[in-house]
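Okay, upload.pdb is below, PDB, C-alpha atoms, pLDDT in the B column:
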MODEL        1
ATOM      1  CA  MET A   1     -19.889 -29.820  -4.947  1.00 74.00           C
ATOM      2  CA  LEU A   2     -18.801 -29.930  -1.298  1.00 76.00           C
ATOM      3  CA  LYS A   3     -16.108 -32.536  -2.008  1.00 90.00           C
ATOM      4  CA  LYS A   4     -14.569 -30.259  -4.662  1.00 93.00           C
ATOM      5  CA  LEU A   5     -14.491 -27.312  -2.233  1.00 96.00           C
ATOM      6  CA  LYS A   6     -12.958 -29.122   0.738  1.00 95.00           C
ATOM      7  CA  PRO A   7      -9.266 -28.552  -0.208  1.00 96.00           C
ATOM      8  CA  ILE A   8      -9.701 -24.890  -1.200  1.00 98.00           C
ATOM      9  CA  LYS A   9      -7.661 -22.391   0.835  1.00 98.00           C
ATOM     10  CA  LEU A  10      -7.682 -19.509  -1.646  1.00 98.00           C
ATOM     11  CA  LEU A  11     -10.661 -18.063  -3.520  1.00 98.00           C
ATOM     12  CA  VAL A  12      -9.669 -15.832  -6.433  1.00 98.00           C
ATOM     13  CA  LEU A  13     -12.382 -13.759  -8.082  1.00 98.00           C
ATOM     14  CA  ASP A  14     -12.839 -11.810 -11.258  1.00 97.00           C
ATOM     15  CA  VAL A  15     -14.742  -8.586 -10.532  1.00 97.00           C
ATOM     16  CA  ASP A  16     -17.018  -7.383 -13.347  1.00 96.00           C
ATOM     17  CA  GLY A  17     -19.615 -10.079 -13.917  1.00 97.00           C
ATOM     18  CA  VAL A  18     -18.751 -11.930 -10.698  1.00 98.00           C
ATOM     19  CA  LEU A  19     -18.744  -9.393  -7.841  1.00 97.00           C
ATOM     20  CA  THR A  20     -20.897  -7.105  -9.968  1.00 96.00           C
ATOM     21  CA  ALA A  21     -23.613  -7.833 -12.510  1.00 95.00           C
ATOM     22  CA  GLY A  22     -21.157  -6.859 -15.248  1.00 91.00           C
ATOM     23  CA  GLU A  23     -22.511  -3.387 -15.805  1.00 90.00           C
ATOM     24  CA  VAL A  24     -20.418  -0.230 -15.684  1.00 87.00           C
ATOM     25  CA  ILE A  25     -22.191   2.990 -14.759  1.00 90.00           C
ATOM     26  CA  TYR A  26     -20.713   6.444 -15.358  1.00 91.00           C
ATOM     27  CA  ASP A  27     -22.084   9.649 -13.892  1.00 91.00           C
ATOM     28  CA  ASP A  28     -22.156  12.917 -15.854  1.00 94.00           C
ATOM     29  CA  SER A  29     -18.607  13.737 -14.814  1.00 93.00           C
ATOM     30  CA  GLY A  30     -17.306  10.376 -16.058  1.00 90.00           C
ATOM     31  CA  LYS A  31     -16.890   8.917 -12.579  1.00 89.00           C
ATOM     32  CA  GLU A  32     -17.341   5.143 -12.587  1.00 88.00           C
ATOM     33  CA  ILE A  33     -19.899   3.661 -10.229  1.00 90.00           C
ATOM     34  CA  LYS A  34     -20.054  -0.034  -9.358  1.00 92.00           C
ATOM     35  CA  ILE A  35     -22.830  -1.883  -7.579  1.00 94.00           C
ATOM     36  CA  PHE A  36     -21.729  -4.640  -5.202  1.00 96.00           C
ATOM     37  CA  ASN A  37     -23.966  -7.189  -3.498  1.00 96.00           C
ATOM     38  CA  VAL A  38     -23.828  -6.933   0.309  1.00 96.00           C
ATOM     39  CA  HIS A  39     -24.569 -10.653   0.641  1.00 97.00           C
ATOM     40  CA  ASP A  40     -21.420 -11.422  -1.352  1.00 98.00           C
ATOM     41  CA  GLY A  41     -19.485  -9.107   0.963  1.00 97.00           C
ATOM     42  CA  LEU A  42     -20.635 -10.923   4.091  1.00 97.00           C
ATOM     43  CA  GLY A  43     -19.779 -14.250   2.485  1.00 98.00           C
ATOM     44  CA  LEU A  44     -16.239 -13.035   1.795  1.00 98.00           C
ATOM     45  CA  ARG A  45     -15.873 -11.797   5.369  1.00 97.00           C
ATOM     46  CA  MET A  46     -17.031 -15.177   6.665  1.00 97.00           C
ATOM     47  CA  ILE A  47     -14.550 -17.210   4.627  1.00 98.00           C
ATOM     48  CA  MET A  48     -11.697 -14.871   5.544  1.00 97.00           C
ATOM     49  CA  LYS A  49     -12.636 -15.327   9.212  1.00 96.00           C
ATOM     50  CA  ALA A  50     -12.411 -19.071   8.608  1.00 96.00           C
ATOM     51  CA  GLY A  51      -8.866 -18.668   7.248  1.00 97.00           C
ATOM     52  CA  ILE A  52      -9.630 -18.931   3.542  1.00 98.00           C
ATOM     53  CA  GLN A  53      -7.698 -16.291   1.642  1.00 98.00           C
ATOM     54  CA  VAL A  54      -9.351 -14.062  -0.964  1.00 98.00           C
ATOM     55  CA  ALA A  55      -7.786 -12.333  -3.953  1.00 98.00           C
ATOM     56  CA  LEU A  56      -9.252 -10.330  -6.832  1.00 98.00           C
ATOM     57  CA  ILE A  57      -7.865 -10.217 -10.359  1.00 98.00           C
ATOM     58  CA  THR A  58      -9.424  -7.824 -12.846  1.00 96.00           C
ATOM     59  CA  GLY A  59      -8.505  -6.165 -16.097  1.00 94.00           C
ATOM     60  CA  ARG A  60     -10.085  -2.866 -15.078  1.00 92.00           C
ATOM     61  CA  ARG A  61      -8.967  -0.283 -12.555  1.00 92.00           C
ATOM     62  CA  SER A  62     -11.599   1.281 -10.346  1.00 90.00           C
ATOM     63  CA  LYS A  63     -11.483   3.478  -7.268  1.00 91.00           C
ATOM     64  CA  ALA A  64     -14.839   1.984  -6.263  1.00 91.00           C
ATOM     65  CA  LEU A  65     -13.242  -1.459  -6.222  1.00 94.00           C
ATOM     66  CA  VAL A  66     -10.290  -0.275  -4.153  1.00 95.00           C
ATOM     67  CA  TYR A  67     -12.739   1.179  -1.642  1.00 95.00           C
ATOM     68  CA  ARG A  68     -14.775  -2.054  -1.576  1.00 96.00           C
ATOM     69  CA  CYS A  69     -11.649  -4.111  -0.917  1.00 97.00           C
ATOM     70  CA  LYS A  70     -10.626  -1.838   1.956  1.00 97.00           C
ATOM     71  CA  ASN A  71     -14.148  -2.097   3.376  1.00 96.00           C
ATOM     72  CA  LEU A  72     -14.039  -5.899   3.284  1.00 97.00           C
ATOM     73  CA  GLY A  73     -10.410  -6.271   4.372  1.00 96.00           C
ATOM     74  CA  ILE A  74      -9.261  -7.796   1.080  1.00 97.00           C
ATOM     75  CA  GLU A  75      -5.575  -7.015   0.637  1.00 96.00           C
ATOM     76  CA  LYS A  76      -4.835  -9.021  -2.497  1.00 97.00           C
ATOM     77  CA  LEU A  77      -6.196  -6.823  -5.290  1.00 97.00           C
ATOM     78  CA  TYR A  78      -4.637  -7.132  -8.724  1.00 97.00           C
ATOM     79  CA  ASP A  79      -6.329  -4.564 -10.954  1.00 96.00           C
ATOM     80  CA  GLY A  80      -5.445  -3.378 -14.443  1.00 95.00           C
ATOM     81  CA  VAL A  81      -4.162  -6.892 -15.166  1.00 96.00           C
ATOM     82  CA  ARG A  82      -3.704  -8.050 -18.741  1.00 94.00           C
ATOM     83  CA  ASP A  83      -2.272 -11.498 -17.942  1.00 96.00           C
ATOM     84  CA  LYS A  84      -4.503 -13.112 -15.321  1.00 97.00           C
ATOM     85  CA  VAL A  85      -2.508 -16.354 -15.387  1.00 97.00           C
ATOM     86  CA  ALA A  86       0.690 -14.502 -14.426  1.00 97.00           C
ATOM     87  CA  ALA A  87      -1.214 -12.703 -11.653  1.00 97.00           C
ATOM     88  CA  LEU A  88      -2.491 -16.029 -10.302  1.00 97.00           C
ATOM     89  CA  GLU A  89       1.020 -17.486 -10.416  1.00 96.00           C
ATOM     90  CA  GLN A  90       2.244 -14.474  -8.416  1.00 96.00           C
ATOM     91  CA  ILE A  91      -0.517 -14.947  -5.827  1.00 97.00           C
ATOM     92  CA  ILE A  92       0.303 -18.660  -5.521  1.00 96.00           C
ATOM     93  CA  SER A  93       3.976 -17.801  -5.033  1.00 96.00           C
ATOM     94  CA  GLU A  94       3.205 -15.132  -2.411  1.00 95.00           C
ATOM     95  CA  THR A  95       0.797 -17.313  -0.415  1.00 95.00           C
ATOM     96  CA  GLY A  96       2.790 -20.530  -0.613  1.00 96.00           C
ATOM     97  CA  LEU A  97      -0.377 -22.412  -1.522  1.00 97.00           C
ATOM     98  CA  SER A  98      -0.705 -24.875  -4.392  1.00 96.00           C
ATOM     99  CA  ILE A  99      -2.826 -24.495  -7.499  1.00 96.00           C
ATOM    100  CA  GLU A 100      -4.914 -27.436  -6.244  1.00 96.00           C
ATOM    101  CA  GLU A 101      -5.858 -25.375  -3.178  1.00 97.00           C
ATOM    102  CA  THR A 102      -7.026 -22.509  -5.388  1.00 98.00           C
ATOM    103  CA  ALA A 103     -10.477 -21.821  -6.803  1.00 98.00           C
ATOM    104  CA  TYR A 104     -11.028 -19.175  -9.474  1.00 98.00           C
ATOM    105  CA  MET A 105     -14.458 -17.717 -10.162  1.00 98.00           C
ATOM    106  CA  GLY A 106     -15.057 -16.088 -13.530  1.00 98.00           C
ATOM    107  CA  ASP A 107     -17.686 -15.212 -16.087  1.00 98.00           C
ATOM    108  CA  ASP A 108     -16.304 -14.150 -19.468  1.00 97.00           C
ATOM    109  CA  LEU A 109     -13.714 -14.874 -22.133  1.00 97.00           C
ATOM    110  CA  ALA A 110     -10.932 -12.944 -20.380  1.00 96.00           C
ATOM    111  CA  ASP A 111     -11.165 -15.646 -17.668  1.00 97.00           C
ATOM    112  CA  LEU A 112     -10.753 -18.636 -19.971  1.00 97.00           C
ATOM    113  CA  ALA A 113      -6.970 -19.120 -19.668  1.00 97.00           C
ATOM    114  CA  ILE A 114      -6.990 -18.818 -15.879  1.00 97.00           C
ATOM    115  CA  MET A 115      -9.988 -21.166 -15.595  1.00 96.00           C
ATOM    116  CA  LYS A 116      -7.965 -23.813 -17.433  1.00 96.00           C
ATOM    117  CA  ILE A 117      -5.195 -23.829 -14.801  1.00 96.00           C
ATOM    118  CA  ALA A 118      -7.100 -23.154 -11.563  1.00 97.00           C
ATOM    119  CA  GLY A 119      -7.423 -26.055  -9.167  1.00 97.00           C
ATOM    120  CA  LEU A 120     -11.183 -25.508  -9.124  1.00 98.00           C
ATOM    121  CA  PRO A 121     -12.687 -23.316 -11.851  1.00 98.00           C
ATOM    122  CA  ILE A 122     -16.076 -21.855 -10.897  1.00 98.00           C
ATOM    123  CA  ALA A 123     -18.507 -20.101 -13.250  1.00 98.00           C
ATOM    124  CA  VAL A 124     -21.403 -17.836 -12.334  1.00 98.00           C
ATOM    125  CA  ALA A 125     -24.776 -18.930 -13.737  1.00 98.00           C
ATOM    126  CA  ASP A 126     -24.823 -16.269 -16.452  1.00 98.00           C
ATOM    127  CA  ALA A 127     -21.232 -16.843 -17.594  1.00 98.00           C
ATOM    128  CA  HIS A 128     -20.245 -17.237 -21.246  1.00 98.00           C
ATOM    129  CA  GLU A 129     -20.795 -20.794 -22.487  1.00 98.00           C
ATOM    130  CA  LEU A 130     -17.036 -21.421 -22.868  1.00 98.00           C
ATOM    131  CA  ILE A 131     -16.528 -20.496 -19.220  1.00 98.00           C
ATOM    132  CA  ILE A 132     -19.378 -22.757 -18.162  1.00 98.00           C
ATOM    133  CA  ASP A 133     -17.852 -25.603 -20.183  1.00 98.00           C
ATOM    134  CA  GLN A 134     -14.557 -25.136 -18.305  1.00 97.00           C
ATOM    135  CA  ALA A 135     -16.128 -24.937 -14.828  1.00 98.00           C
ATOM    136  CA  GLY A 136     -15.997 -27.602 -12.148  1.00 98.00           C
ATOM    137  CA  ILE A 137     -18.835 -25.790 -10.366  1.00 98.00           C
ATOM    138  CA  ILE A 138     -21.529 -23.512 -11.783  1.00 98.00           C
ATOM    139  CA  THR A 139     -23.449 -21.321  -9.352  1.00 98.00           C
ATOM    140  CA  THR A 140     -27.222 -21.068  -9.422  1.00 98.00           C
ATOM    141  CA  ALA A 141     -26.990 -17.284  -8.945  1.00 98.00           C
ATOM    142  CA  ASN A 142     -25.855 -14.813 -11.577  1.00 98.00           C
ATOM    143  CA  GLY A 143     -22.792 -12.641 -11.136  1.00 98.00           C
ATOM    144  CA  GLY A 144     -23.405  -9.718  -8.777  1.00 97.00           C
ATOM    145  CA  CYS A 145     -26.570 -11.397  -7.488  1.00 97.00           C
ATOM    146  CA  GLY A 146     -25.253 -13.612  -4.701  1.00 97.00           C
ATOM    147  CA  ALA A 147     -23.086 -16.061  -6.681  1.00 98.00           C
ATOM    148  CA  VAL A 148     -20.044 -15.289  -4.532  1.00 98.00           C
ATOM    149  CA  ARG A 149     -22.076 -15.742  -1.341  1.00 98.00           C
ATOM    150  CA  GLU A 150     -23.310 -19.101  -2.649  1.00 98.00           C
ATOM    151  CA  ILE A 151     -19.727 -20.318  -3.064  1.00 98.00           C
ATOM    152  CA  CYS A 152     -18.605 -18.840   0.268  1.00 98.00           C
ATOM    153  CA  GLU A 153     -21.326 -20.673   2.178  1.00 97.00           C
ATOM    154  CA  ALA A 154     -20.565 -23.905   0.309  1.00 98.00           C
ATOM    155  CA  LEU A 155     -16.856 -23.514   1.147  1.00 98.00           C
ATOM    156  CA  LEU A 156     -17.619 -23.101   4.841  1.00 97.00           C
ATOM    157  CA  LYS A 157     -19.924 -26.132   4.855  1.00 97.00           C
ATOM    158  CA  ALA A 158     -17.445 -28.261   2.866  1.00 97.00           C
ATOM    159  CA  GLN A 159     -14.708 -27.474   5.347  1.00 96.00           C
ATOM    160  CA  GLY A 160     -16.911 -28.156   8.361  1.00 96.00           C
ATOM    161  CA  VAL A 161     -16.799 -24.644   9.831  1.00 97.00           C
ATOM    162  CA  TRP A 162     -20.203 -23.243   8.842  1.00 96.00           C
ATOM    163  CA  GLU A 163     -21.792 -23.584  12.299  1.00 95.00           C
ATOM    164  CA  LYS A 164     -18.684 -22.220  14.050  1.00 95.00           C
ATOM    165  CA  ILE A 165     -18.526 -19.135  11.818  1.00 95.00           C
ATOM    166  CA  ILE A 166     -22.267 -18.450  12.188  1.00 92.00           C
ATOM    167  CA  THR A 167     -22.003 -18.767  15.960  1.00 91.00           C
ATOM    168  CA  GLU A 168     -18.967 -16.467  16.159  1.00 88.00           C
ATOM    169  CA  LEU A 169     -20.424 -13.799  13.887  1.00 81.00           C
ATOM    170  CA  PHE A 170     -23.977 -13.781  15.157  1.00 77.00           C
TER     171      PHE A 170
ENDMDL
END

Go ahead and render the structure in this file as structure tokens.
Amino acid sequence: MLKKLKPIKLLVLDVDGVLTAGEVIYDDSGKEIKIFNVHDGLGLRMIMKAGIQVALITGRRSKALVYRCKNLGIEKLYDGVRDKVAALEQIISETGLSIEETAYMGDDLADLAIMKIAGLPIAVADAHELIIDQAGIITTANGGCGAVREICEALLKAQGVWEKIITELF
């Protein structure tokens, strides 16, 4: 796994089912509530500190997600997206990185087309079987339960900066 992660400079994530457990909660007024894993958040902060860029592509719009991105310092949020491949192509163009330097982490059928073109497709443990079949890496954790953190730590170790980041942060 570490060899596959070594060239990655951009981690692109789906949201529902990857950063969350895939559940949508509404309160009595219809306000959407999302539950994010704090371990995933720290993992994303660590890889950004190491110079690995992070982007989110999701078909849904959510104020909770916008707030979470601001909290983590993630500037590349593409929400309400119908064509995830076009969004990834835009991100690649904006960053100047190559597709080979890009990992995409997904969980469900809406991620299938983008998984087929990503340099390194990653599936969460509880992803749909077609997504798992497409993945170069499958996490041991389910979406929303530390899968993103698992990949973030592996990225840092693969690129030889794990100890440095731990020392700087703690």

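Protein, DNA and RNA residues at most 12 Å from (-3.4, -7.2, -18.7), with only C-alpha atoms, are these: Ile57, Thr58, Gly59, Arg60, Arg61, Tyr78, Asp79, Gly80, Val81, Arg82, Asp83, Lys84, Val85, Ala86, Ala87, Ala110 and Asp111 of chain A.
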
Taking the file as I've supplied it (selection: the PyMOL selection byres ((chain A and resi 47) around 12)), which residues are included? Please answer as a compact mmCIF listing (two decimals) with C-alpha atoms, in the frame of the given file.
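Ended up saving to result_28.txt:
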# COMPACT_ATOMS: atom_id res chain seq x y z
CA ILE A 8 -9.70 -24.89 -1.20
CA LYS A 9 -7.66 -22.39 0.84
CA LEU A 10 -7.68 -19.51 -1.65
CA LEU A 11 -10.66 -18.06 -3.52
CA ASP A 40 -21.42 -11.42 -1.35
CA GLY A 41 -19.48 -9.11 0.96
CA LEU A 42 -20.64 -10.92 4.09
CA GLY A 43 -19.78 -14.25 2.48
CA LEU A 44 -16.24 -13.04 1.80
CA ARG A 45 -15.87 -11.80 5.37
CA MET A 46 -17.03 -15.18 6.66
CA MET A 48 -11.70 -14.87 5.54
CA LYS A 49 -12.64 -15.33 9.21
CA ALA A 50 -12.41 -19.07 8.61
CA GLY A 51 -8.87 -18.67 7.25
CA ILE A 52 -9.63 -18.93 3.54
CA GLN A 53 -7.70 -16.29 1.64
CA VAL A 54 -9.35 -14.06 -0.96
CA ALA A 55 -7.79 -12.33 -3.95
CA LEU A 72 -14.04 -5.90 3.28
CA GLY A 73 -10.41 -6.27 4.37
CA ILE A 74 -9.26 -7.80 1.08
CA VAL A 148 -20.04 -15.29 -4.53
CA ARG A 149 -22.08 -15.74 -1.34
CA GLU A 150 -23.31 -19.10 -2.65
CA ILE A 151 -19.73 -20.32 -3.06
CA CYS A 152 -18.60 -18.84 0.27
CA GLU A 153 -21.33 -20.67 2.18
CA ALA A 154 -20.56 -23.90 0.31
CA LEU A 155 -16.86 -23.51 1.15
CA LEU A 156 -17.62 -23.10 4.84
CA LYS A 157 -19.92 -26.13 4.86
CA ALA A 158 -17.44 -28.26 2.87
CA GLN A 159 -14.71 -27.47 5.35
CA GLY A 160 -16.91 -28.16 8.36
CA VAL A 161 -16.80 -24.64 9.83
CA TRP A 162 -20.20 -23.24 8.84
CA LYS A 164 -18.68 -22.22 14.05
CA ILE A 165 -18.53 -19.14 11.82
CA ILE A 166 -22.27 -18.45 12.19
CA LEU A 169 -20.42 -13.80 13.89

Q.
I want to know what sits within 7 Å of stretch 120-124 of chain A, based on all atoms listed in the file, with residues of the same chain fewer than 5 positions away left out; could you give that as a list in words?
A.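 Residues near the query, excluding close chain neighbours: Val18, Thr102, Ala103, Tyr104, Met105, Gly106, Asp107, Met115, Ile131, Ile132, Gln134, Ala135, Gly136, Ile137, Ile138, Thr139, Ala141, Asn142, Gly143 and Ala147 of chain A.
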
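Closest to A:Ala125 among A:Cys69, A:Tyr26, A:Gly17, A:Leu112 is A:Gly17, based on only C-alpha atoms.
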
Q. Expressed in Å to a single decimal, how great is the separation between atom CA of A:Glu23 and atom CA of A:Ile35?
A.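 Those two atoms sit 8.4 Å apart.
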
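Minimum atom-to-atom distances from A:Glu89, A:Val66, A:Leu56, A:Ala127 to A:Leu13 were compared using only C-alpha atoms, and the lowest value belongs to A:Leu56.
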
Where's the centre, and what are the edge lengths in Å to one decimal, of a box along x, y and z enclosing all listed atoms of stretch 130-146 of chain A padded 8 Å per side, as JSON?
{"center_x": -20.9, "center_y": -18.7, "center_z": -13.8, "size_x": 28.7, "size_y": 33.9, "size_z": 34.2}

**Q.** Residues near A:Thr20, cut-off 8 Å, all atoms listed in the file, skip fewer than 5 positions along chain, as number ranges by chain
**A.** A: 15, 34-37, 143-145

Q) Closest to A:Asp108 among A:Asp14, A:Lys6, A:Leu77, A:Glu94, using all atoms listed in the file? A)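 Closest residue, counting all atoms listed in the file: A:Asp14.
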
Q: Can you work out the spacing between atom CA of A:Gly119 and atom CA of A:Gln90 in Å, to one decimal?
A: 15.1 Å

Q. When you draw a straight line from atom CA of A:Met1 to atom CA of A:Ser93, how long is it in Å?
A. 26.7 Å

Q.
Restricting the calculation to only C-alpha atoms: of A:Asp126, A:Ile117, A:Asp133, A:Glu75, which residue gets closest to A:Ala21?
A. A:Asp126

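If all atoms listed in the file are the atoms counted, then among A:Asp27, A:Asn71, A:Leu97, A:His128 the closest residue to A:Leu109 is A:His128.
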